$ cat work.cif   # mmCIF, C-alpha atoms
data_run
loop_
_atom_site.label_atom_id
_atom_site.label_comp_id
_atom_site.auth_asym_id
_atom_site.auth_seq_id
_atom_site.Cartn_x
_atom_site.Cartn_y
_atom_site.Cartn_z
CA MET A 1 79.72 113.49 140.68
CA GLN A 2 82.35 111.73 138.61
CA THR A 3 81.59 108.76 136.34
CA ILE A 4 84.21 106.88 134.35
CA PHE A 5 83.40 104.69 131.35
CA THR A 6 86.06 102.06 130.71
CA HIS A 7 87.13 99.51 128.08
CA ILE A 8 85.40 101.48 125.30
CA GLN A 9 85.90 99.63 122.01
CA SER A 10 86.42 102.99 120.28
CA LEU A 11 85.94 106.53 121.59
CA PHE A 12 84.93 108.15 118.32
CA GLY A 13 84.62 111.81 117.33
CA ILE A 14 87.35 113.41 119.42
CA GLN A 15 88.02 117.05 118.61
CA ASN A 16 90.77 118.92 120.44
CA GLU A 17 90.46 122.21 118.55
CA LEU A 18 87.43 124.50 118.31
CA LEU A 19 87.10 125.00 114.54
CA PRO A 20 84.50 127.18 112.79
CA SER A 21 83.44 124.01 110.92
CA ILE A 22 84.99 120.94 109.31
CA LYS A 23 85.56 121.42 105.59
CA GLY A 24 86.21 119.41 102.47
CA HIS A 25 88.57 116.47 102.75
CA ASP A 26 88.95 117.03 106.49
CA LEU A 27 85.39 115.74 106.81
CA ASN A 28 86.80 112.27 106.22
CA LYS A 29 89.06 112.51 109.28
CA VAL A 30 87.63 111.36 112.61
CA GLU A 31 89.97 111.13 115.56
CA HIS A 32 89.37 108.17 117.83
CA ILE A 33 90.98 106.12 120.59
CA ASP A 34 90.57 102.37 120.66
CA GLN A 35 90.32 100.67 124.06
CA ALA A 36 89.57 103.97 125.76
CA TRP A 37 88.14 105.51 128.90
CA LEU A 38 85.93 108.58 129.27
CA LEU A 39 85.59 110.56 132.51
CA ILE A 40 82.67 112.91 133.07
CA GLU A 41 81.94 115.18 136.01
CA ASP A 42 78.30 116.10 136.48
CA ASP A 43 77.17 117.35 133.04
CA ARG A 44 80.60 117.84 131.45
CA ILE A 45 83.37 115.80 129.82
CA LEU A 46 86.37 116.00 132.15
CA ASP A 47 88.96 113.83 130.43
CA PHE A 48 89.55 110.77 128.24
CA GLY A 49 92.37 108.56 127.04
CA SER A 50 93.66 105.05 126.35
CA MET A 51 93.18 102.19 128.80
CA GLU A 52 96.97 101.86 128.73
CA HIS A 53 96.97 105.06 130.77
CA TYR A 54 93.92 104.41 132.93
CA PRO A 55 93.67 107.06 135.71
CA SER A 56 92.97 105.12 138.89
CA GLY A 57 90.83 106.98 141.41
CA ASN A 58 87.77 106.90 143.62
CA TYR A 59 84.97 107.55 141.13
CA ASP A 60 81.31 107.68 142.03
CA LYS A 61 80.53 105.28 139.18
CA ASP A 62 82.75 102.98 137.12
CA ILE A 63 80.89 101.66 134.06
CA ASN A 64 82.47 98.96 131.89
CA VAL A 65 81.30 99.25 128.27
CA SER A 66 83.53 96.56 126.81
CA GLY A 67 83.03 96.08 123.07
CA GLN A 68 80.84 99.16 122.69
CA LEU A 69 81.51 102.46 120.90
CA VAL A 70 81.08 105.91 122.45
CA PHE A 71 80.58 108.99 120.26
CA PRO A 72 78.86 112.40 120.49
CA THR A 73 75.11 112.71 120.08
CA TRP A 74 73.72 113.91 116.75
CA CYS A 75 73.17 117.63 116.23
CA ASP A 76 70.07 118.06 114.05
CA SER A 77 70.09 121.63 112.76
CA HIS A 78 66.87 121.60 110.69
CA THR A 79 63.51 120.25 111.90
CA HIS A 80 59.83 121.20 111.98
CA LEU A 81 59.15 119.05 115.04
CA VAL A 82 56.17 121.04 116.35
CA PHE A 83 53.19 120.22 114.11
CA PRO A 84 49.55 119.31 114.78
CA LYS A 85 49.08 116.05 112.86
CA THR A 86 50.59 113.73 110.29
CA ARG A 87 49.82 114.04 106.56
CA GLU A 88 49.83 110.47 105.31
CA GLU A 89 46.98 111.22 102.89
CA GLU A 90 49.40 113.40 100.89
CA PHE A 91 51.86 110.51 100.88
CA VAL A 92 49.21 108.52 98.99
CA ASP A 93 48.53 111.50 96.68
CA ARG A 94 52.19 111.51 95.65
CA ILE A 95 52.11 107.78 95.02
CA ASN A 96 49.14 108.47 92.74
CA GLY A 97 51.14 110.96 90.72
CA LEU A 98 50.69 114.42 92.27
CA SER A 99 53.84 116.49 92.74
CA TYR A 100 54.79 118.40 95.89
CA GLU A 101 53.89 121.66 94.12
CA GLN A 102 50.53 120.32 92.92
CA ILE A 103 49.60 119.20 96.41
CA ALA A 104 50.53 122.65 97.75
CA ALA A 105 48.55 124.40 95.00
CA ASN A 106 45.49 122.34 95.98
CA GLY A 107 45.65 123.59 99.57
CA GLY A 108 47.70 120.70 100.88
CA GLY A 109 51.22 120.72 102.21
CA ILE A 110 52.09 123.55 104.55
CA LEU A 111 48.58 125.02 104.31
CA ASN A 112 47.13 121.68 105.44
CA SER A 113 49.17 121.80 108.66
CA ALA A 114 48.34 125.49 109.13
CA ARG A 115 44.60 124.72 109.17
CA HIS A 116 45.05 122.13 111.91
CA ILE A 117 47.22 124.38 114.09
CA THR A 118 44.24 126.63 114.77
CA ASN A 119 42.20 123.66 116.02
CA ILE A 120 44.70 122.15 118.44
CA SER A 121 45.27 123.42 121.95
CA SER A 122 48.73 124.55 123.04
CA GLU A 123 48.72 121.75 125.61
CA ALA A 124 47.96 119.05 123.03
CA LEU A 125 50.54 120.49 120.63
CA TYR A 126 53.14 120.46 123.39
CA ASP A 127 52.35 116.88 124.42
CA ALA A 128 52.62 115.63 120.83
CA SER A 129 55.91 117.48 120.38
CA CYS A 130 57.29 115.99 123.61
CA GLN A 131 56.64 112.49 122.31
CA ARG A 132 58.46 113.23 119.05
CA LEU A 133 61.39 114.90 120.81
CA GLU A 134 61.83 112.02 123.23
CA GLU A 135 61.78 109.54 120.36
CA LEU A 136 64.59 111.48 118.66
CA ILE A 137 66.66 111.65 121.83
CA ARG A 138 66.38 107.88 122.21
CA LEU A 139 67.70 107.64 118.63
CA GLY A 140 70.71 109.72 119.63
CA THR A 141 69.84 113.37 118.96
CA GLY A 142 71.41 115.57 121.61
CA ALA A 143 70.89 119.06 120.13
CA ILE A 144 68.15 120.25 117.81
CA GLU A 145 66.73 123.24 115.94
CA ILE A 146 62.93 123.53 115.65
CA LYS A 147 61.10 125.87 113.28
CA SER A 148 57.66 127.42 113.36
CA GLY A 149 55.95 127.93 109.99
CA TYR A 150 52.77 125.88 110.31
CA GLY A 151 50.80 128.78 111.76
CA LEU A 152 50.92 131.48 109.06
CA SER A 153 49.03 133.89 111.31
CA LEU A 154 50.20 135.94 114.26
CA GLU A 155 48.50 133.87 116.97
CA ALA A 156 49.23 130.50 115.40
CA GLU A 157 52.92 131.27 114.84
CA LEU A 158 53.19 132.47 118.44
CA LYS A 159 51.48 129.27 119.60
CA ILE A 160 54.16 127.15 117.92
CA LEU A 161 57.05 129.29 119.14
CA ARG A 162 55.73 129.23 122.70
CA VAL A 163 55.62 125.44 122.53
CA ILE A 164 59.25 125.43 121.37
CA LYS A 165 60.13 127.73 124.27
CA LYS A 166 58.47 125.33 126.71
CA LEU A 167 60.44 122.44 125.21
CA LYS A 168 63.62 124.47 125.76
CA GLU A 169 62.68 124.97 129.39
CA ASN A 170 61.78 121.34 130.11
CA TYR A 171 64.43 119.33 128.24
CA ALA A 172 68.14 119.23 128.91
CA ILE A 173 69.28 119.08 125.28
CA PRO A 174 70.17 122.39 123.59
CA ILE A 175 67.23 123.57 121.46
CA LYS A 176 67.36 126.42 118.95
CA SER A 177 64.16 128.13 117.85
CA THR A 178 63.55 129.52 114.35
CA PHE A 179 60.71 131.80 113.25
CA LEU A 180 59.48 130.63 109.82
CA GLY A 181 56.37 132.72 109.27
CA ALA A 182 57.58 133.04 105.66
CA HIS A 183 56.95 129.35 104.96
CA ALA A 184 54.03 129.78 102.55
CA TYR A 185 51.31 132.29 101.71
CA PRO A 186 48.03 131.60 103.55
CA ILE A 187 44.93 131.06 101.41
CA GLU A 188 43.49 134.45 102.38
CA TYR A 189 46.65 136.13 101.02
CA LYS A 190 46.86 134.06 97.84
CA GLU A 191 46.16 137.10 95.68
CA ASN A 192 47.85 139.64 97.93
CA HIS A 193 51.33 138.48 98.83
CA GLU A 194 52.43 141.96 99.80
CA ALA A 195 49.86 142.13 102.58
CA TYR A 196 51.19 138.92 104.13
CA ILE A 197 54.78 140.14 103.91
CA GLN A 198 53.70 143.31 105.69
CA LEU A 199 51.97 141.20 108.35
CA ILE A 200 55.24 139.36 108.99
CA ILE A 201 57.28 142.55 109.11
CA LYS A 202 54.92 144.80 111.07
CA GLU A 203 53.14 142.37 113.41
CA MET A 204 54.76 138.94 113.61
CA LEU A 205 58.41 139.96 113.93
CA PRO A 206 57.78 142.58 116.65
CA ALA A 207 55.67 140.10 118.65
CA VAL A 208 58.21 137.30 118.30
CA ALA A 209 61.02 139.62 119.37
CA ALA A 210 59.06 141.08 122.28
CA GLU A 211 58.71 137.61 123.85
CA GLY A 212 62.20 136.46 122.90
CA LEU A 213 60.76 133.44 121.10
CA ALA A 214 63.29 132.90 118.32
CA ASP A 215 67.02 132.59 117.75
CA TYR A 216 66.74 132.73 113.96
CA MET A 217 64.53 133.90 111.10
CA ASP A 218 64.03 131.54 108.14
CA VAL A 219 62.41 132.05 104.73
CA PHE A 220 61.31 129.47 102.15
CA CYS A 221 62.98 131.06 99.12
CA GLU A 222 61.51 129.04 96.27
CA LYS A 223 59.46 129.33 93.10
CA GLY A 224 55.80 129.53 94.12
CA PHE A 225 56.71 130.61 97.66
CA PHE A 226 58.93 133.61 98.52
CA SER A 227 61.03 135.27 95.83
CA VAL A 228 64.60 136.46 96.23
CA ALA A 229 63.33 140.03 96.53
CA ASP A 230 60.79 138.99 99.18
CA THR A 231 63.49 137.11 101.07
CA ASP A 232 65.80 140.11 100.93
CA ARG A 233 63.19 142.38 102.53
CA LEU A 234 62.19 139.85 105.17
CA LEU A 235 65.75 139.19 106.28
CA ASP A 236 66.44 142.93 106.41
CA ALA A 237 63.43 143.25 108.72
CA ALA A 238 64.63 140.36 110.90
CA SER A 239 68.02 142.03 111.34
CA LYS A 240 66.36 144.96 113.05
CA TYR A 241 65.32 142.55 115.82
CA ASN A 242 68.76 140.91 116.01
CA LEU A 243 67.47 137.65 114.57
CA LYS A 244 70.17 135.81 112.64
CA HIS A 245 69.27 134.19 109.34
CA LYS A 246 68.65 130.75 107.87
CA ILE A 247 67.11 129.97 104.47
CA HIS A 248 65.26 127.10 102.79
CA ALA A 249 67.18 127.34 99.52
CA ASN A 250 67.27 125.62 96.13
CA GLN A 251 65.08 122.64 97.02
CA LEU A 252 62.88 122.44 93.94
CA HIS A 253 64.54 124.94 91.60
CA ASN A 254 67.70 126.98 91.26
CA SER A 255 65.96 129.72 93.22
CA GLY A 256 68.74 132.19 94.07
CA GLY A 257 68.31 131.29 97.73
CA VAL A 258 71.98 130.47 98.20
CA GLN A 259 73.13 133.84 96.91
CA ILE A 260 70.67 135.83 99.00
CA GLY A 261 71.58 133.75 102.03
CA VAL A 262 75.27 134.50 101.58
CA LYS A 263 74.47 138.18 101.06
CA HIS A 264 72.77 138.25 104.45
CA LYS A 265 75.51 136.17 106.13
CA ALA A 266 72.99 133.43 106.91
CA ILE A 267 74.20 130.86 109.42
CA SER A 268 73.12 128.17 106.96
CA VAL A 269 71.31 127.60 103.68
CA ASP A 270 69.36 124.36 103.77
CA HIS A 271 68.11 121.76 101.23
CA LEU A 272 70.32 122.47 98.18
CA GLU A 273 69.09 119.77 95.82
CA CYS A 274 69.52 122.28 92.97
CA VAL A 275 73.10 123.51 93.25
CA GLY A 276 75.65 124.26 90.55
CA ASP A 277 79.09 125.81 90.22
CA GLU A 278 77.80 129.33 90.82
CA GLU A 279 76.27 128.41 94.18
CA ILE A 280 79.36 126.47 95.24
CA THR A 281 81.63 129.41 94.41
CA CYS A 282 79.32 131.74 96.30
CA LEU A 283 79.42 129.50 99.40
CA LEU A 284 83.21 129.18 99.23
CA ASN A 285 83.48 132.95 99.67
CA SER A 286 81.29 132.96 102.78
CA THR A 287 80.86 131.69 106.33
CA THR A 288 77.43 130.22 105.49
CA ILE A 289 77.13 126.47 106.08
CA PRO A 290 75.49 124.38 103.32
CA THR A 291 73.06 121.98 105.02
CA LEU A 292 71.82 118.98 103.07
CA LEU A 293 68.50 117.24 103.81
CA PRO A 294 68.64 113.99 101.81
CA ALA A 295 65.82 112.30 103.75
CA ALA A 296 63.40 114.85 102.27
CA ALA A 297 64.73 114.12 98.77
CA PHE A 298 64.31 110.40 99.50
CA PHE A 299 60.69 110.79 100.65
CA LEU A 300 59.71 113.12 97.79
CA GLY A 301 61.53 111.09 95.15
CA ILE A 302 63.51 114.06 93.86
CA SER A 303 67.19 114.47 92.98
CA TYR A 304 69.72 114.25 95.79
CA GLN A 305 72.17 116.98 96.67
CA PRO A 306 75.59 116.99 94.94
CA ALA A 307 77.43 116.30 98.18
CA ARG A 308 80.58 114.88 96.59
CA LYS A 309 81.05 117.94 94.40
CA MET A 310 80.53 120.23 97.39
CA ILE A 311 82.94 118.34 99.63
CA ASP A 312 85.57 118.13 96.89
CA ALA A 313 85.25 121.91 96.50
CA ASN A 314 86.20 122.26 100.21
CA LEU A 315 82.79 123.22 101.60
CA PRO A 316 81.78 122.47 105.23
CA VAL A 317 78.84 120.23 104.39
CA CYS A 318 76.27 119.67 107.13
CA LEU A 319 73.49 117.04 107.29
CA ALA A 320 70.12 117.44 109.03
CA SER A 321 66.86 115.53 109.07
CA ASP A 322 64.19 118.08 108.02
CA TYR A 323 61.74 116.17 110.26
CA ASN A 324 58.27 117.42 109.25
CA PRO A 325 54.83 115.95 108.50
CA GLY A 326 54.84 116.53 104.74
CA SER A 327 58.18 115.89 103.09
CA CYS A 328 60.17 114.02 105.76
CA PRO A 329 58.20 112.38 108.58
CA SER A 330 61.33 111.03 110.25
CA GLY A 331 64.10 112.41 112.43
CA ASN A 332 66.01 109.12 112.43
CA ILE A 333 69.64 110.19 112.07
CA PRO A 334 71.11 106.66 111.71
CA PHE A 335 68.91 106.22 108.62
CA LEU A 336 70.03 109.67 107.42
CA LEU A 337 73.63 108.46 107.67
CA SER A 338 72.76 105.48 105.48
CA LEU A 339 71.18 107.75 102.87
CA ALA A 340 74.20 110.06 102.91
CA CYS A 341 76.51 107.11 102.27
CA THR A 342 74.44 105.24 99.68
CA GLN A 343 72.86 108.12 97.76
CA LEU A 344 75.14 111.14 98.32
CA LYS A 345 78.27 108.95 98.18
CA MET A 346 79.62 110.38 101.41
CA THR A 347 81.91 108.18 103.49
CA PRO A 348 80.71 107.18 106.97
CA ASN A 349 83.30 109.53 108.47
CA GLU A 350 82.09 112.45 106.33
CA ALA A 351 78.48 111.79 107.24
CA PHE A 352 79.38 111.51 110.92
CA ASN A 353 81.19 114.87 110.99
CA ALA A 354 78.39 116.47 108.97
CA VAL A 355 75.72 115.58 111.55
CA THR A 356 77.79 116.08 114.70
CA TYR A 357 80.38 118.88 114.60
CA ASN A 358 78.99 120.69 111.56
CA GLY A 359 75.44 120.24 112.83
CA ALA A 360 76.52 121.95 116.03
CA ALA A 361 78.20 124.72 114.01
CA ALA A 362 74.97 125.29 112.03
CA MET A 363 73.25 126.00 115.37
CA GLU A 364 76.15 128.01 116.83
CA LEU A 365 76.58 125.29 119.48
CA LYS A 366 79.99 123.88 118.59
CA HIS A 367 81.44 125.14 121.89
CA GLU A 368 78.92 122.95 123.76
CA VAL A 369 78.22 119.81 121.70
CA GLY A 370 79.17 117.99 118.50
CA SER A 371 82.37 116.23 119.58
CA ILE A 372 84.12 114.43 122.40
CA SER A 373 86.05 117.37 123.83
CA LYS A 374 87.11 118.36 127.31
CA GLY A 375 84.68 120.84 128.82
CA LYS A 376 81.82 120.13 126.43
CA LYS A 377 78.46 118.79 127.53
CA ALA A 378 78.44 115.08 128.37
CA ASN A 379 76.00 114.35 125.55
CA PHE A 380 77.05 111.07 123.99
CA ILE A 381 75.83 107.77 122.57
CA ILE A 382 76.88 104.28 123.66
CA SER A 383 76.35 101.83 120.82
CA LYS A 384 75.63 98.16 121.07
CA ALA A 385 78.70 95.94 120.71
CA LEU A 386 80.14 96.89 117.30
CA PRO A 387 83.47 96.40 115.52
CA SER A 388 83.40 99.92 114.04
CA PHE A 389 81.24 102.99 113.46
CA ASN A 390 80.83 101.97 109.81
CA LEU A 391 78.29 99.34 110.84
CA ILE A 392 75.77 102.05 111.78
CA PRO A 393 75.17 103.43 108.25
CA TYR A 394 75.67 99.93 106.84
CA SER A 395 72.89 98.39 108.99
CA PHE A 396 70.18 100.80 107.87
CA GLY A 397 67.32 98.73 109.27
CA SER A 398 68.78 98.07 112.72
CA ASN A 399 68.86 100.16 115.88
CA LEU A 400 72.45 99.85 117.07
CA ILE A 401 72.16 102.47 119.83
CA ASP A 402 72.26 101.03 123.34
CA LYS A 403 72.18 104.11 125.58
CA VAL A 404 72.03 107.90 125.22
CA TYR A 405 73.50 110.24 127.81
CA ILE A 406 72.35 113.85 128.07
CA ASP A 407 74.15 116.17 130.49
CA GLY A 408 75.89 113.13 131.93
CA LYS A 409 72.68 111.25 132.73
CA GLN A 410 71.21 108.29 130.91
CA PHE A 411 68.05 109.39 129.11
#

$ encode --input "work.cif" --output "structure tokens"
Amino acid sequence: MQTIFTHIQSLFGIQNELLPSIKGHDLNKVEHIDQAWLLIEDDRILDFGSMEHYPSGNYDKDINVSGQLVFPTWCDSHTHLVFPKTREEEFVDRINGLSYEQIAANGGGILNSARHITNISSEALYDASCQRLEELIRLGTGAIEIKSGYGLSLEAELKILRVIKKLKENYAIPIKSTFLGAHAYPIEYKENHEAYIQLIIKEMLPAVAAEGLADYMDVFCEKGFFSVADTDRLLDAASKYNLKHKIHANQLHNSGGVQIGVKHKAISVDHLECVGDEEITCLLNSTTIPTLLPAAAFFLGISYQPARKMIDANLPVCLASDYNPGSCPSGNIPFLLSLACTQLKMTPNEAFNAVTYNGAAAMELKHEVGSISKGKKANFIISKALPSFNLIPYSFGSNLIDKVYIDGKQF
């Protein structure tokens, strides 16, 4: 079935070349066509152009979107969407002066969620995750990565990963799954870290691989969590099961996570609040994508990532939400765009490319989503009537999304 969208105010985010990623100053370039049309066939983009060259034909549907913008759906490459319950009590603890590390040391944080995973059924966990995923799709997310990491035991980690697999099977958007058993040390291994590392290597990884439950392996490489040496061993073990690598790196300290990620050719290193010249140079000599999560920095009240310095150094900066119950209980990408512009001093164009094309690249999905390109999935957003894309990050308290199309169908 062919559907043509006509009189588009601006068809935004056109990409005619399949690049590894968009780097440096090129992030500020977004190709667009004003007064445009977009033709889709079934679940794919067939063609597009200016209304001056409108292709007359007998289409199944002709939809006039006069005054509205059309652009690709967001590609959110870092989330922890599958979790048992919210943690608003820790939100109050932080207001009362406790740090993220203090809350974790007191058995809160990741360990709090891990306790509740054991008490929730797979069905209830799936239903809660469906509600969150559908909310994000309505906000424009059309591809997403979801991590485990709130189980911290063999059965609980498998429970989360099986829920992610079921989401993959039942939703049309591309979903990538990441095994994050190395998210924290469980209480019972507090004094015996080596035993938990061995559990991951000898029991969790083989079980995850046997069921084909993960695309990636992630490690929280941070002071008080997993050291560089621990991360090195864990990623070596993951390679034996053909799991590619991602790393939580340099969130709270200059942890060495960037360097170990580059050593292991990680697809991305994520967080990066604590980044200096050494890390930037290391990333420049790699294919690893630096992924910034400013909504987590906003919620925790910590320093933001040095995005301007990274972009000016010609890095392919990516943005993602970090949606999780502890440090970022939101997957709202339009708000993320506002944060990127106001706090990271990124331009709207840079932020847009970082959470569309580069987000797709950080999930190895750039051939399918992340831009308006012939042959890609018809995953796109129709805004409300707007003069330009800039109004989306500018209007941080307004929902300016009118419709979301996934695989050519309105969600």

$ residues_around --input "work.cif" --residues "Asn379 in chain A" --least-positions-apart "2" --cutoff "12 Å" --atoms "all atoms listed in the file" --output "PyMOL selection string"
chain A and resi 40+42-45+70-75+137+140-143+172-174+356+368-377+381-382+403-411

$ atom_distance --input "work.cif" --atom1 "CA of Ser239 in chain A" --atom2 "CA of Leu205 in chain A"
10.2 Å

$ closest_residue --input "work.cif" --among "A:Ala229, A:Ala351, A:Leu293, A:Met363" --to "Ile267 in chain A" --atoms "all atoms listed in the file"
A:Met363

$ residues_around --input "work.cif" --residues "range 64-66 of chain A" --least-positions-apart "2" --cutoff "9 Å" --atoms "only C-alpha atoms" --output "PyMOL selection string"
chain A and resi 4-9+35+62+68-70+382+385

$ atom_distance --input "work.cif" --atom1 "CA of Asn358 in chain A" --atom2 "CA of Glu134 in chain A"
22.5 Å

$ atom_distance --input "work.cif" --atom1 "CA of Lys265 in chain A" --atom2 "CA of Pro325 in chain A"
29.0 Å

$ residues_near_point --input "work.cif" --point "(70.7, 122.5, 90.7)" --cutoff "8 Å" --atoms "only C-alpha atoms" --output "PyMOL selection string"
chain A and resi 250+253-254+272-276

$ resolve_selection --input "work.cif" --expression "the PyMOL selection byres ((chain A and resi 116) around 9)" --output "ChimeraX atom specification"
/A:83-85,111-115,117-120,150-151

$ closest_residue --input "work.cif" --among "A:Leu336, A:Val317, A:Leu284, A:Ala249" --to "Phe298 in chain A" --atoms "all atoms listed in the file"
A:Leu336

$ residues_around --input "work.cif" --residues "Asn28 in chain A" --least-positions-apart "3" --cutoff "7 Å" --atoms "only C-alpha atoms" --output "PyMOL selection string"
chain A and resi 25+347+349-350
